[in-house]
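Content type compact mmCIF, C-alpha atoms, from the file protein31.txt:
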# COMPACT_ATOMS: atom_id res chain seq x y z
CA MET A 1 34.84 308.29 -40.49
CA ILE A 2 35.53 306.16 -43.56
CA ASP A 3 36.67 309.24 -45.48
CA ALA A 4 39.50 309.65 -42.99
CA LEU A 5 41.38 306.96 -44.85
CA ASP A 6 42.99 307.82 -48.16
CA PRO A 7 40.58 310.53 -49.32
CA GLU A 8 43.17 311.20 -52.06
CA GLY A 9 42.20 307.87 -53.62
CA THR A 10 45.79 306.70 -54.01
CA GLU A 11 45.02 303.08 -53.26
CA ILE A 12 42.32 302.77 -55.91
CA ARG A 13 44.52 304.52 -58.48
CA VAL A 14 47.26 301.99 -57.83
CA LEU A 15 44.73 299.16 -58.01
CA ASN A 16 43.46 300.43 -61.36
CA SER A 17 47.00 300.72 -62.67
CA LEU A 18 47.65 297.06 -61.86
CA CYS A 19 44.47 295.56 -63.24
CA ARG A 20 41.39 296.37 -65.24
CA LEU A 21 38.45 295.25 -63.16
CA ARG A 22 35.81 296.08 -65.74
CA ALA A 23 33.44 293.15 -66.32
CA ARG A 24 35.50 290.86 -64.10
CA ASP A 25 34.24 288.64 -61.31
CA VAL A 26 36.17 289.68 -58.20
CA LEU A 27 36.70 287.85 -54.93
CA GLU A 28 37.78 290.30 -52.23
CA ILE A 29 39.32 288.59 -49.22
CA GLY A 30 39.07 290.58 -46.00
CA ALA A 31 36.56 293.04 -47.42
CA GLY A 32 35.92 294.61 -44.01
CA ASN A 33 33.03 297.05 -44.11
CA GLY A 34 33.39 297.59 -47.84
CA ARG A 35 35.92 300.43 -47.55
CA LEU A 36 37.66 299.55 -50.80
CA THR A 37 34.81 297.62 -52.42
CA TRP A 38 32.76 300.74 -53.04
CA ARG A 39 35.62 302.30 -54.92
CA TYR A 40 35.75 299.68 -57.67
CA ALA A 41 32.54 297.62 -57.57
CA GLU A 42 30.72 299.76 -60.11
CA ARG A 43 33.08 298.53 -62.81
CA ALA A 44 33.18 294.85 -61.87
CA ALA A 45 30.71 292.29 -63.16
CA PHE A 46 30.33 290.72 -59.73
CA VAL A 47 32.02 291.07 -56.35
CA LEU A 48 32.02 288.60 -53.50
CA GLY A 49 33.52 290.06 -50.33
CA LEU A 50 34.63 287.61 -47.67
CA GLU A 51 35.06 288.89 -44.14
CA PRO A 52 35.55 286.92 -40.90
CA ASP A 53 34.12 289.66 -38.64
CA ASP A 54 30.32 289.47 -38.74
CA GLY A 55 29.94 293.02 -37.42
CA ARG A 56 31.87 294.37 -40.38
CA VAL A 57 29.87 292.19 -42.76
CA GLY A 58 26.66 293.61 -41.32
CA ARG A 59 27.90 297.17 -41.83
CA ALA A 60 29.00 296.38 -45.37
CA ILE A 61 25.65 294.86 -46.28
CA ALA A 62 23.77 297.77 -44.72
CA ALA A 63 25.91 300.25 -46.65
CA THR A 64 25.56 298.53 -50.03
CA PRO A 65 24.11 301.05 -52.49
CA ASN A 66 20.89 299.89 -54.12
CA ALA A 67 22.48 300.14 -57.54
CA LEU A 68 25.07 297.55 -56.56
CA ARG A 69 22.94 295.06 -54.66
CA ALA A 70 22.50 292.79 -57.67
CA ARG A 71 26.22 292.29 -58.14
CA VAL A 72 27.89 292.80 -54.77
CA GLU A 73 27.62 290.25 -51.99
CA PHE A 74 29.31 290.08 -48.61
CA LEU A 75 29.74 286.81 -46.83
CA HIS A 76 30.70 286.22 -43.21
CA ALA A 77 33.27 283.51 -43.80
CA ASP A 78 36.73 282.25 -42.99
CA VAL A 79 38.70 282.04 -46.21
CA ALA A 80 40.43 278.91 -44.93
CA ALA A 81 37.10 277.08 -44.66
CA VAL A 82 34.66 278.63 -47.11
CA ASP A 83 33.49 276.48 -50.00
CA LEU A 84 33.62 278.26 -53.37
CA PRO A 85 33.43 276.81 -56.86
CA PRO A 86 36.65 276.28 -58.78
CA ALA A 87 37.60 278.67 -61.57
CA ARG A 88 34.88 281.12 -60.54
CA PHE A 89 36.82 284.42 -60.34
CA GLY A 90 38.98 286.43 -62.69
CA VAL A 91 40.56 288.46 -59.89
CA VAL A 92 41.25 287.80 -56.22
CA LEU A 93 41.97 290.92 -54.20
CA PHE A 94 43.66 291.06 -50.81
CA SER A 95 43.83 294.52 -49.32
CA CYS A 96 44.91 295.19 -45.80
CA LEU A 97 45.77 298.43 -44.07
CA SER A 98 47.16 298.37 -40.59
CA ASP A 99 44.66 300.72 -38.98
CA GLU A 100 41.50 298.88 -39.89
CA MET B 1 45.61 273.30 -47.88
CA HIS B 2 47.00 276.83 -47.60
CA VAL B 3 44.65 279.70 -48.34
CA LEU B 4 46.67 280.60 -51.42
CA HIS B 5 46.27 277.11 -52.82
CA ARG B 6 42.52 277.60 -52.39
CA VAL B 7 42.78 280.97 -54.13
CA HIS B 8 44.64 279.30 -56.97
CA ARG B 9 41.75 276.85 -57.38
CA TRP B 10 39.09 279.60 -57.31
CA LEU B 11 40.80 281.58 -60.06
CA ARG B 12 40.05 281.10 -63.70
CA PRO B 13 43.07 280.07 -65.76
CA GLY B 14 45.36 283.06 -66.02
CA GLY B 15 43.41 284.95 -63.35
CA LEU B 16 45.03 287.61 -61.18
CA VAL B 17 45.83 288.04 -57.52
CA LEU B 18 46.20 291.63 -56.35
CA ASP B 19 47.90 291.85 -53.00
CA ILE B 20 47.92 295.21 -51.21
CA HIS B 21 49.40 295.44 -47.76
CA PRO B 22 51.55 297.73 -45.60
CA GLU B 23 55.30 297.66 -45.86
CA PRO B 24 56.74 296.11 -42.68
CA GLU B 25 58.05 299.40 -41.36
CA ASP B 26 56.87 302.14 -39.03
CA ALA B 27 54.31 304.60 -40.29
CA ARG B 28 54.79 308.32 -39.66
CA VAL B 29 52.57 310.48 -37.50
CA GLU B 30 52.55 314.17 -38.39
CA VAL B 31 50.62 317.32 -37.62
CA ARG B 32 49.88 319.58 -40.56
CA ASP B 33 48.82 323.16 -39.91
CA ARG B 34 48.35 325.01 -43.17
CA ASN B 35 51.66 324.49 -44.97
CA ARG B 36 53.68 323.54 -41.91
CA VAL B 37 54.23 319.83 -41.26
CA THR B 38 55.62 318.65 -37.93
CA PHE B 39 56.85 315.12 -37.49
CA VAL B 40 55.39 313.76 -34.25
CA GLY B 41 56.98 310.34 -34.26
CA PRO B 42 57.04 306.85 -35.72
CA TYR B 43 53.95 304.69 -35.39
CA ALA B 44 55.42 301.26 -34.76
CA ARG B 45 53.27 298.17 -35.35
CA PRO B 46 55.67 295.29 -34.74
CA ALA B 47 52.79 292.86 -34.24
CA ILE B 48 51.97 292.96 -37.95
CA TYR B 49 55.49 292.95 -39.38
CA ASP B 50 56.04 289.23 -38.84
CA ASN B 51 52.70 288.47 -40.48
CA ILE B 52 53.65 290.54 -43.51
CA HIS B 53 57.01 288.79 -43.86
CA ARG B 54 55.34 285.40 -43.52
CA ALA B 55 52.73 286.23 -46.17
CA ARG B 56 55.46 287.42 -48.54
CA ASP B 57 57.49 284.29 -47.96
CA THR B 58 54.45 282.13 -48.67
CA LEU B 59 53.71 283.94 -51.92
CA ALA B 60 57.35 283.73 -52.92
CA GLY B 61 57.20 279.99 -52.27
CA LEU B 62 54.17 279.59 -54.52
CA VAL B 63 55.91 281.58 -57.23
CA GLY B 64 58.84 279.22 -56.81
CA GLU B 65 56.50 276.25 -57.18
CA GLY B 66 55.24 277.72 -60.45
CA LEU B 67 51.66 278.25 -59.28
CA PHE B 68 51.79 282.02 -59.69
CA ALA B 69 53.94 284.43 -61.67
CA ARG B 70 54.86 287.73 -60.00
CA GLU B 71 54.23 290.35 -62.66
CA ARG B 72 54.32 293.86 -61.19
CA SER B 73 54.90 295.49 -57.85
CA THR B 74 54.78 299.08 -56.68
CA VAL B 75 55.20 300.96 -53.42
CA PHE B 76 52.92 303.86 -52.63
CA GLU B 77 51.76 305.94 -49.70
CA VAL B 78 48.32 306.28 -48.15
CA LEU B 79 47.29 309.00 -45.74
CA TYR B 80 44.87 308.91 -42.86
CA HIS B 81 43.47 312.31 -41.86
CA PHE B 82 42.01 313.16 -38.44
CA HIS B 83 41.06 316.45 -36.86
CA SER B 84 42.17 315.22 -33.41
CA VAL B 85 43.86 312.40 -31.57
CA ASP B 86 40.50 311.36 -30.17
CA ALA B 87 39.09 311.11 -33.70
CA TRP B 88 41.95 308.74 -34.57
CA LEU B 89 41.30 306.64 -31.48
CA ALA B 90 37.57 306.54 -32.19
CA TYR B 91 38.31 305.43 -35.75
CA ARG B 92 40.50 302.62 -34.43
CA VAL B 93 37.74 301.46 -32.10
CA GLU B 94 35.20 301.56 -34.92
CA ARG B 95 37.50 299.46 -37.10
CA GLY B 96 38.40 297.03 -34.34
CA THR B 97 42.10 297.79 -34.91
CA SER B 98 44.37 295.28 -33.23
CA THR B 99 47.64 297.22 -33.27
CA GLU B 100 48.59 299.39 -30.29
CA VAL B 101 49.63 303.03 -30.18
CA ASP B 102 52.37 304.21 -27.87
CA ALA B 103 50.96 306.51 -25.16
CA ALA B 104 53.93 308.86 -25.47
CA LEU B 105 53.24 309.25 -29.19
CA LEU B 106 49.63 310.13 -28.48
CA ALA B 107 50.69 312.68 -25.87
CA ARG B 108 53.12 314.32 -28.30
CA ALA B 109 50.42 314.44 -30.97
CA ARG B 110 48.01 316.09 -28.55
CA ARG B 111 50.63 318.71 -27.66
CA GLU B 112 51.39 319.45 -31.31
CA LEU B 113 47.71 319.76 -32.17
CA ALA B 114 46.89 321.98 -29.21
CA ASP B 115 46.19 325.57 -30.13
CA THR B 116 46.31 324.89 -33.85
CA SER B 117 43.65 324.36 -36.46
CA GLY B 118 45.78 321.64 -37.97
CA GLU B 119 45.11 317.98 -38.63
CA LEU B 120 46.72 314.72 -37.65
CA LEU B 121 48.22 312.77 -40.54
CA ILE B 122 49.37 309.19 -40.59
CA ARG B 123 51.53 308.19 -43.52
CA GLU B 124 51.73 304.53 -44.31
CA GLN B 125 53.88 302.95 -47.00
CA MET B 126 52.05 300.25 -48.92
CA ARG B 127 53.04 297.68 -51.48
CA ALA B 128 50.75 296.45 -54.24
CA THR B 129 51.72 293.37 -56.24
CA ARG B 130 50.06 291.57 -59.12
CA TYR B 131 50.39 287.82 -59.53
CA ARG B 132 49.03 285.69 -62.34
CA GLN B 133 47.79 282.15 -61.90
CA ARG B 134 49.93 279.82 -63.99
CA HIS B 135 48.71 276.25 -63.79
CA PRO B 136 45.40 274.49 -63.65
CA ALA B 137 44.10 274.32 -60.11
CA PRO B 138 45.46 271.35 -58.17
CA HIS B 139 42.95 268.88 -56.72

Write out the structure in this file as structure tokens.
Amino acid sequence: MIDALDPEGTEIRVLNSLCRLRARDVLEIGAGNGRLTWRYAERAAFVLGLEPDDGRVGRAIAATPNALRARVEFLHADVAAVDLPPARFGVVLFSCLSDE
Amino acid sequence: MHVLHRVHRWLRPGGLVLDIHPEPEDARVEVRDRNRVTFVGPYARPAIYDNIHRARDTLAGLVGEGLFARERSTVFEVLYHFHSVDAWLAYRVERGTSTEVDAALLARARRELADTSGELLIREQMRATRYRQRHPAPH
């Protein structure tokens, strides 16, 4: 089902054109089930994905490739309440599509 | 404290915010059968348009306050592909989608897809914008 959305990879091409994510620490807000995360996480140094829906977080964790488990984390959290250290991330990513 | 003030604090000096969201306009539903594309109708999602405008206004306000600099912005299109209307509806259930789809639009899509080997396409206009953090995080 996930491949139904943007199999052309347009979104990640646009993302790459806006920012080099290589070796950056990325905070992804509204990471969902990792739809976009898997398309860039290989290049990032570390990714923390925040998602308020615990079902989606569970699916994202379950789908995390072994090769990425050391540097990709998903957290069931409300961005308005979560406690994160200051000056921790080089990039904060918000990505929202209407049918997800 | 607004979420974006929190984001400002979590960013390293000069860090980036990448904001990708739909344009506040109707998407297009089409049926494509080989090289023939038939427009089925607009996919209206008025429930999200206000949210998008509010988020843009908030970011514009923070740019005005000097917390972020708006550096680049681009509009692009993403496509959703489904082999049937039911596959689209199942996808929406799986994703917990909150927007609604007009029943008449679904009926038209079913009619257009009937007796073809075509696929259902949804075209959505998106905007991606890069902002750079400008000042030390406020406390």

For Glu119 of chain B, find every residue with an atom within 9 Å (counting only C-alpha atoms), except residues of its own chain fewer than 5 positions away, and show them as JSON, numbers by chain.
{"B": [30, 31, 32, 33, 34, 81, 82, 83, 84, 113]}

Which residue is closest to chain B? Choose from A:Arg88, A:Arg22, A:His76, A:Arg71 and count all atoms listed in the file.
A:Arg88

Please report as a PDB file with C-alpha atoms, keeping the file's coordinate frame which residues of chain A come no farther than 7 Å from chain B, using all atoms listed in the file.
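Contents of result-v4.pdb, freshly written:
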ATOM      1  CA  MET A   1      34.840 308.290 -40.490  1.00  0.00           C
ATOM      2  CA  ALA A   4      39.500 309.650 -42.990  1.00  0.00           C
ATOM      3  CA  LEU A   5      41.380 306.960 -44.850  1.00  0.00           C
ATOM      4  CA  ASP A   6      42.990 307.820 -48.160  1.00  0.00           C
ATOM      5  CA  THR A  10      45.790 306.700 -54.010  1.00  0.00           C
ATOM      6  CA  GLU A  11      45.020 303.080 -53.260  1.00  0.00           C
ATOM      7  CA  LEU A  18      47.650 297.060 -61.860  1.00  0.00           C
ATOM      8  CA  VAL A  79      38.700 282.040 -46.210  1.00  0.00           C
ATOM      9  CA  ALA A  80      40.430 278.910 -44.930  1.00  0.00           C
ATOM     10  CA  LEU A  84      33.620 278.260 -53.370  1.00  0.00           C
ATOM     11  CA  PRO A  85      33.430 276.810 -56.860  1.00  0.00           C
ATOM     12  CA  PRO A  86      36.650 276.280 -58.780  1.00  0.00           C
ATOM     13  CA  ALA A  87      37.600 278.670 -61.570  1.00  0.00           C
ATOM     14  CA  ARG A  88      34.880 281.120 -60.540  1.00  0.00           C
ATOM     15  CA  PHE A  89      36.820 284.420 -60.340  1.00  0.00           C
ATOM     16  CA  GLY A  90      38.980 286.430 -62.690  1.00  0.00           C
ATOM     17  CA  VAL A  91      40.560 288.460 -59.890  1.00  0.00           C
ATOM     18  CA  VAL A  92      41.250 287.800 -56.220  1.00  0.00           C
ATOM     19  CA  LEU A  93      41.970 290.920 -54.200  1.00  0.00           C
ATOM     20  CA  PHE A  94      43.660 291.060 -50.810  1.00  0.00           C
ATOM     21  CA  SER A  95      43.830 294.520 -49.320  1.00  0.00           C
ATOM     22  CA  CYS A  96      44.910 295.190 -45.800  1.00  0.00           C
ATOM     23  CA  LEU A  97      45.770 298.430 -44.070  1.00  0.00           C
ATOM     24  CA  SER A  98      47.160 298.370 -40.590  1.00  0.00           C
ATOM     25  CA  ASP A  99      44.660 300.720 -38.980  1.00  0.00           C
ATOM     26  CA  GLU A 100      41.500 298.880 -39.890  1.00  0.00           C
TER      27      GLU A 100
END

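Nearest residue to Asp78 of chain A among A:Glu42, A:Glu8, A:Glu28, A:Glu51 is A:Glu51, counting all atoms listed in the file.
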
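Close contacts of Trp38 of chain A, defined as residues with an atom at most 12 Å away when counting only C-alpha atoms, with chain neighbours fewer than 5 positions off set aside, comprise Ile2, Gly9, Ile12, Glu28, Ala31, Gly32, Asn33, Arg43, Ala44, Val47, Gly49, Ala60, Ile61, Ala63, Thr64, Pro65, Asn66, Ala67, Leu68, Arg69, Arg71, Val72 and Glu73 of chain A.
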
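The space separating atom CA of Leu106 of chain B from atom CA of Asp50 of chain B comes to 24.2 Å.
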